[in-house]
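Enquirer: Structure below; questions to follow.
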Amino acid sequence: MDSVATSVLVDGQWVTQHVTVEEVLRNERQKTEAAAKSRQQKPPEPTPALGLLSRTVLRSPIINWIIPARVRHKDFNDVVFIGEDFLYIKEIGSDGHLSHVASKTDFGSRIRAARCFGEPRKPAYYSQLKTEENGGLEDETSDAIPPQIIVLTLESQKVVFLYAHQDAAGCVTFVQSTTPLPLVSFMESPGKHLAVDPKSRAIAISATEELFLIYTTKSMAAWRMELRSHPHTDLQSASFSTPKVEERAFKVDKSVILKMEFLSPVAGDPDRVVLLVLLSIGGRTKMSCYEWDANSTILGPQSSVIVRLDKYPLDSEDSHPLFVIPLRQSPDFLLVGEHIITLYQDILTGSPRRIKTNFEAKTSKCSGSSRRRPLLTHWARTARNWETEGKLDESIYLVREDGTVLYAVVHPNASTVVVMSAGQLNCTVDSAFASLDIGFSLMSPDVLIAAGDMSYGEVIKIGHWSKGSQKIITRTETMEFEYIESLPNWAPLMDTVVSRLPGVKSKYERSRDTILTTSGRAPYSSISEIRHGLNARIWAAAELSDSLGNTGMWALLDPTGEGVFFLVSHPWQTRLYHLSIRSMEVSEIEEQNCDLELNRETFVACTLNLEWAVQVTENALHLLSISPENPQFRLVNRQDFPLDRPVRAATVDRRWPLIVLASRQGSEFSLELQHFVEPDDENGSSNATPSFVFRARTPLSAEPTCVQLVGIRGRPYVFVGTRNAELLLFSLVGGDFVLVLKKQVEVSFMQGIPVVCESVTLLSSDERGEYTLICGMRNGCVYNLNLEEHRTDPTISISSTTIIPIGHTSARVIQCSSESTTAFVICGSECCRLTRSETNDSTIRYETDNIWFTDQGNPGLQQPAISTLAQVPHWLRNSPEEFSLGETLLAISDSTFLLAQLDSEVKAVPRRLVIQDTPYKLIYSPRLKMMVVAAFRIKEKKGKERHGRGFRSVRSVIQLVRSDGHANNDDGDDDEDTVMEDETKGLVAGECVLWPHEKVYAFLEWHWEEGPKKYDFLVVGTGITNANGALSGRLIFLQIKLDSKGNAEFRESKTRELRQPVFAIASYDERHMIYTCGTTAQLEEFSATERRWLTVSQYTLPSAGLQITVQGPNIYISTAQDSVYALGIGLSSSSKPILQPFFSDAGTRNTLNHLAIRLPPLKFDVDRQNTEVASSSSPARAPRTLILISDKSSTLAGLLQPSQEALKNAAPTLLEARLPRCVTRLRRGAIRPSWRRHHPKSFDTSHLFQRANPTDQLDELLTPSPVPGILVDDIIGTAVDGTLFAFSILDQPAWYILKFLETLVTVAERQYANTKLRWTHISLQDVIEGLESDKGTPKSSYFHVNGDLLASRITDTRAPVTALRTLLFHGPEEEIRVRFFQHASAFLPVEEPGEDLETRLIEGCVEWLREVLDAVL
């Protein structure tokens, strides 16, 4: 037997012995078994209990249907937007603009089809007439149910009847009722197609194949009568009866149901109901027509259903219908195909007549974007009323998927259809298209709305209002599409980057990260910056001379109504400008053309009424007259101040004839009150001039930093902030200064520098008579003081205070002129709206929302840093299409003046960097200060003349996109057709075109320094599809050089061709790089001597590696089918680095993305450390790491990285969440505004603002959440459809409270759904079973908390404290409350126990829930 020589230690000496191979293997086996036994004897590592909180930040912008329907009341012009699993109600104004009303997002299932059910829309001409029972809208419509409701079919096999109820306070509640659908096979389950009879006497619902249902329904009048007979119907409980009367199923064997529509009855037989069904049987398209009497039954032997046409074959030209359009006046209908519209008449005779009309639409704007020609996708009937003109013509708009709109006029009597081109939308369109009811008069324009398909949507109008501008225009100009507003759509979202954009030019450093995404598809693609807040649409902009360093701006009335004057103050001068409402141009008024003092700084200016204006400078008070005949400001009185007592501040308010001046005399300061006196014509003093008369003076203890008149219960007060951090409030009711409030602000910020107030406004609640002082502080905070008056004492006290951090610089607050509960705040780069509101349980809320300035002509406009802001007082609008300056914002940023209209809806306001190609991969380069984008470029090439057919090419390009949105158009063409194209190209600094059939999968920026030399490379991993379908790849090293103009040049330094695609690349350190080539993970090391990359180690993965991240020594790789693998770098026997497996997931997952999170110290580990035996040699526990994994089954799982070696390397799954959508990207960043992070108890807010440094590690940059129980709250996830999620990691006590409440809500709603009773008995066992029973799901799923459910049921309600109290005390038994208060008291800090402990715990829990569930944008 063979033997080998080996060294053996015997009695301390190494000797050589010969052993057999069997002995060697036996010894190694014994060593392995001993090591395994040692590992097995170790107790399993205890794992902490963590929770995952999910919250939907932004829902998908994709809209599937747009339905005009008055679902609240006949007086509300509503438009219903329906998405995949949500519904929005918006109201269309007389000017065509949309305003948000309400949202419903709790369907719990996807929506398959939607229609409007109810009384047909009738023009205003008939509004004063009573109609028949089944006719149009009646003036005497009961408020029990609106004229129309929405019918939905869900994937959960339910039919939903839905409308909205709005109370006197404007709060909207959705009222719904459901009926089940039969559950058959997937193809035979009804719900795919939905049709409603024009007079709402029947509903038809069909499956994809063979089966369809017919429901006969009650008339709206009969339905209302039924609701009147049940006065105790609980509208707030979201339940009511359905209109269904009878139900009957029909089956057509071996058929595919293509389309289904109800037709209008014959004029002489209005009780007939006609249903048309288009079928595909054996490859042929056929139609069947069903008819019955609306007053008869459709069941049994007495059924009145008659089959007029049974599988009637259609002409071959109509074999592929796109949709069916029923006509209003007869059973005739239009069948629309790709290039043909067919009018079918005499359908009920059994021998239909067919009249076809061919049409040719213009060539697509981007014909190379698809292999086929664009198709018509939807239609909309105009709201115009031809009947009042004695015509039966019907006008219909047809839209094509490329945005081309056709206009079809049907002449039923002449049996003709005329089709013509109407215009071109700047978006692609699917099924979300409608004509809105702005006016039924022929003198009103047609307003069309289209939600974009992979692009922004649009609202446009054709024509003008009859009372609009009197400007003479041609018919061609009248019929052109005129833009009204856009509908944001940032889907599809293929890649996401979270960055603070270091290096991008801006006046102020960004205070938080931003979210950048790839959006849309060419030719409407873009890089989008996802923002949330209020949209300030810029209507006019102008450059102002010498406007830097302005200290104030005031809007002054133009008595002619032709615009507005605005006065801008500087430390050394004042400028007067006029904005024209017609031309939107700004002109400067010279000093010789007015009597305002423009060579000094202005402290305050105001229009007192329609006759007088006031200006206060350091040395004088000017009283000026204004009138329509003399709109320029003319001096009527001037009051010079003493030279030794100059004015340092002043305030005036048009509500009172008062002015307060703050003056300085030596080192002393004082306030002076003066009263405005107008000429007394009654006493005959016609020559008397108006003036200000001295009333009172009071000293101040320090220099005033803020002086402002405010009104409390209609009485004047003056607020004063001083340099020694005092806040003073004086009453002026008796014509004298009476101190009613004094507050000393704490001195604890910036080494004892006082936190002084520099601006103030008063927010009031007229209903409750409560007031809050909003103080803008020098340190960047807003200090809110809730005031409390005393009945027997003239003084005012402060009931509570709130500190809201805004930014780094001084915060300035400006009163909103139209809302007494609203103020505007500007602070550095932040501009926001602050609103004071109160819930029904008297809880005060402060809602702060960003204001984002947008420009239709420049969608990539970077948010300007606003230095001065003012609001124009309200003026009435003369006509729907005339623009009113009332309530508009006047703003100055640097030297740019902006006029903007502020929307009222808080929504997504993306910033778009428009590019020509379709982006799909994105990173931000701090070195280049640009975004690196991979995009698909489609080019259409025409074929030779003899063939007449062209072809297209699709290639990937790598582009550098300027992040600041400033295009470089030095070589731009002046041709109007190429302006947008040139601006788009100007955003691209340079590009690199890749090989045909090549796609970019990964980017990596690599930097190398060797002495004084520096090397910067962009490493690109690609995949190539070869002609035979085989896959290969390349690893490309690109060098990028920028010229003096910022243009980039790509140079290919090195390329490595590989046999598999390179899916992911990551940098391990400055000398090592790891990438995946197919299923192989490859570690590369850069050799400085050889100046090339050398392969160090390889590791074979079970499936392709799609993503690589590196954190510390660990390498995490997402695989296509086997979840995440964690690798480490060890040393081989030859002391070379090798890749070694560390741990993996216990199960298999089709992974999409992962995120490694280093957790802060856990109480679980601290307690374990304290209980272990103290030892000087025992090392401190390293921070734990949680790996979040998203997969294609819409699951988000959390793996806990093992902290010790184990026999099995499977990481435990701590938590698992089932989400409504797949999360394709997981990112982390400080995107939360400072005011949403936490409301501090002191003015020390330095920890809330972190400086961005490109060299900082992410874990060093991000700080733990200040909210108790939240370990990590800066995780976001994005889905392809544009949905944005926020995720938070919870500790065990916080998770238990949230999960307890979620389970209680779920059990209560399930019992209510079963019993239809609002409050039922809920036992502790019910909650425990819902919290702990398996029910076929893994235990890890219990650690997921649905934040959307808790927000909708508690924090987002009108009375959250009452909602939580009701949840705990109405239905649940005592043991449930005992357990909840036991855990809540242990987790939430409370004062000493007392009789109201439960109330304080509920209020504290609600406040904590608000912070936990607060939005991240």
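As shown in the structure tokens, the chain order sets the letters A, B, ...; within each chain, residues go from 1, and ligands are also counted from 1 in the order they appear.
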Any idea what's packed within 12 Å of Glu1010 of chain A, counting only C-alpha atoms, ignoring anything in its chain fewer than 5 positions away? Could you give it as JSON, numbers by chain?

Expert: {"A": [1015, 1016, 1070, 1071, 1087, 1088, 1089, 1091]}

Enquirer: Grab the residues selected above and save them as an mmCIF file, in the first residue's frame with C-alpha atoms.

Expert:
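In the end it all went to again29.cif:
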data_model
loop_
_atom_site.group_PDB
_atom_site.id
_atom_site.type_symbol
_atom_site.label_atom_id
_atom_site.label_comp_id
_atom_site.auth_asym_id
_atom_site.auth_seq_id
_atom_site.Cartn_x
_atom_site.Cartn_y
_atom_site.Cartn_z
ATOM 1 C CA TYR A 1015 -6.440 58.388 -12.835
ATOM 2 C CA ASP A 1016 -10.220 58.422 -13.025
ATOM 3 C CA GLU A 1070 -8.878 51.487 -4.008
ATOM 4 C CA ARG A 1071 -6.909 48.511 -5.350
ATOM 5 C CA SER A 1087 -1.148 46.047 -10.311
ATOM 6 C CA ALA A 1088 0.577 49.408 -10.273
ATOM 7 C CA THR A 1089 3.728 47.977 -11.780
ATOM 8 C CA ARG A 1091 -0.724 48.881 -14.894
#

Enquirer: Can you list, as a PyMOL selection string, all residues belonging to segment 93-262 of chain A that DSSP tags as strand (DSSP E)?

Expert: chain A and resi 98-104+111-118+148-154+158-166+172-180+193-196+202-206+209-217+244-262

Enquirer: Between A:Leu398, A:Ala1210, A:Val1110, A:Ile851, which residue has the minimum interatomic distance to Ala865 of chain A, considering only C-alpha atoms?

Expert: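 Of A:Leu398, A:Ala1210, A:Val1110, A:Ile851, the one nearest Ala865 of chain A, counting only C-alpha atoms, is A:Ile851.
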
Enquirer: Choose the residue, out of A:Ser296, A:Asn64, A:Glu788, A:Ile659, that has the smallest atom-to-atom separation from Ala451 of chain A; count only C-alpha atoms.

Expert: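 Under the stated criterion, the closest residue is A:Asn64.
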
Enquirer: Check the DSSP output for the backbone and give back, as a ChimeraX atom specification, the residues of segment 1029-1190 of chain A in alpha helix (DSSP H).

Expert: /A:1163-1171

Enquirer: Between A:Thr518, A:Ser1032, A:Ser731, A:Gln592, single out the one closest to Thr795 of chain A, counting only C-alpha atoms.

Expert: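 Among the listed residues, A:Ser731 lies closest to Thr795 of chain A.
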
Enquirer: Which residue gives the smallest distance to Arg1236 of chain A among A:Leu1367, A:Ala934, A:Leu567, A:Val1267, with only C-alpha atoms counted?

Expert: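 Of all the options, A:Val1267 lies closest to Arg1236 of chain A.
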
Enquirer: Let me make sure I understand: among A:Ser109, A:Gln1039, A:Thr705, A:Asn599, which one has the smallest atom-to-atom distance to Leu728 of chain A if we use only C-alpha atoms?

Expert: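 Distance minimum relative to Leu728 of chain A lands on A:Thr705.
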
Enquirer: Identify which of the residues A:Gly780, A:Pro1220, A:Pro46, A:Gly828 lies closest to Pro864 of chain A, counting only C-alpha atoms when measuring atom-to-atom distances.

Expert: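 Checking each candidate against Pro864 of chain A, we get A:Gly828 as the closest.
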
Enquirer: Find the residues around Leu1368 of chain A up to 12 Å (only C-alpha atoms counted), leave out those fewer than 4 positions away in its own chain, and share them as a ChimeraX atom specification.

Expert: /A:1300-1305,1308,1319-1324,1327,1354,1361-1364,1372-1381,1398-1399,1402

Enquirer: Deliver the residues from the most recent selection as a file, using C-alpha atoms, as a PDB file, in the first residue's frame.

Expert:
ATOM      1  CA  PHE A1300     -51.223  45.268  18.366  1.00  0.00           C
ATOM      2  CA  LEU A1301     -53.097  48.281  16.963  1.00  0.00           C
ATOM      3  CA  GLU A1302     -52.912  46.968  13.390  1.00  0.00           C
ATOM      4  CA  THR A1303     -54.314  43.615  14.454  1.00  0.00           C
ATOM      5  CA  LEU A1304     -57.082  45.281  16.451  1.00  0.00           C
ATOM      6  CA  VAL A1305     -58.062  47.374  13.403  1.00  0.00           C
ATOM      7  CA  ALA A1308     -62.630  44.985  13.971  1.00  0.00           C
ATOM      8  CA  TRP A1319     -69.120  47.944  16.941  1.00  0.00           C
ATOM      9  CA  THR A1320     -68.984  44.266  17.829  1.00  0.00           C
ATOM     10  CA  HIS A1321     -67.519  42.346  20.735  1.00  0.00           C
ATOM     11  CA  ILE A1322     -63.792  41.697  20.273  1.00  0.00           C
ATOM     12  CA  SER A1323     -62.121  39.381  22.736  1.00  0.00           C
ATOM     13  CA  LEU A1324     -58.448  39.208  23.617  1.00  0.00           C
ATOM     14  CA  VAL A1327     -56.487  39.739  18.797  1.00  0.00           C
ATOM     15  CA  ILE A1354     -56.020  56.753  13.208  1.00  0.00           C
ATOM     16  CA  VAL A1361     -57.395  60.775  19.580  1.00  0.00           C
ATOM     17  CA  THR A1362     -61.095  59.954  19.359  1.00  0.00           C
ATOM     18  CA  ALA A1363     -60.391  57.318  16.707  1.00  0.00           C
ATOM     19  CA  LEU A1364     -57.866  55.527  18.937  1.00  0.00           C
ATOM     20  CA  PRO A1372     -62.759  45.263  22.610  1.00  0.00           C
ATOM     21  CA  GLU A1373     -63.065  43.700  26.025  1.00  0.00           C
ATOM     22  CA  GLU A1374     -61.290  44.976  29.114  1.00  0.00           C
ATOM     23  CA  GLU A1375     -58.347  42.581  28.848  1.00  0.00           C
ATOM     24  CA  ILE A1376     -57.369  44.118  25.495  1.00  0.00           C
ATOM     25  CA  ARG A1377     -57.247  47.598  26.980  1.00  0.00           C
ATOM     26  CA  VAL A1378     -55.300  46.374  29.997  1.00  0.00           C
ATOM     27  CA  ARG A1379     -52.677  44.773  27.776  1.00  0.00           C
ATOM     28  CA  PHE A1380     -52.413  47.825  25.513  1.00  0.00           C
ATOM     29  CA  PHE A1381     -52.050  50.326  28.375  1.00  0.00           C
ATOM     30  CA  GLU A1398     -55.403  56.476  30.136  1.00  0.00           C
ATOM     31  CA  THR A1399     -56.263  59.747  28.386  1.00  0.00           C
ATOM     32  CA  ILE A1402     -53.840  57.733  24.323  1.00  0.00           C
TER      33      ILE A1402
END

Enquirer: Provide the atom CA of Ala207 of chain A to atom CA of Met187 of chain A distance in Å, to one decimal place.

Expert: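 We find that atom CA of Ala207 of chain A and atom CA of Met187 of chain A lie 6.4 Å from each other.
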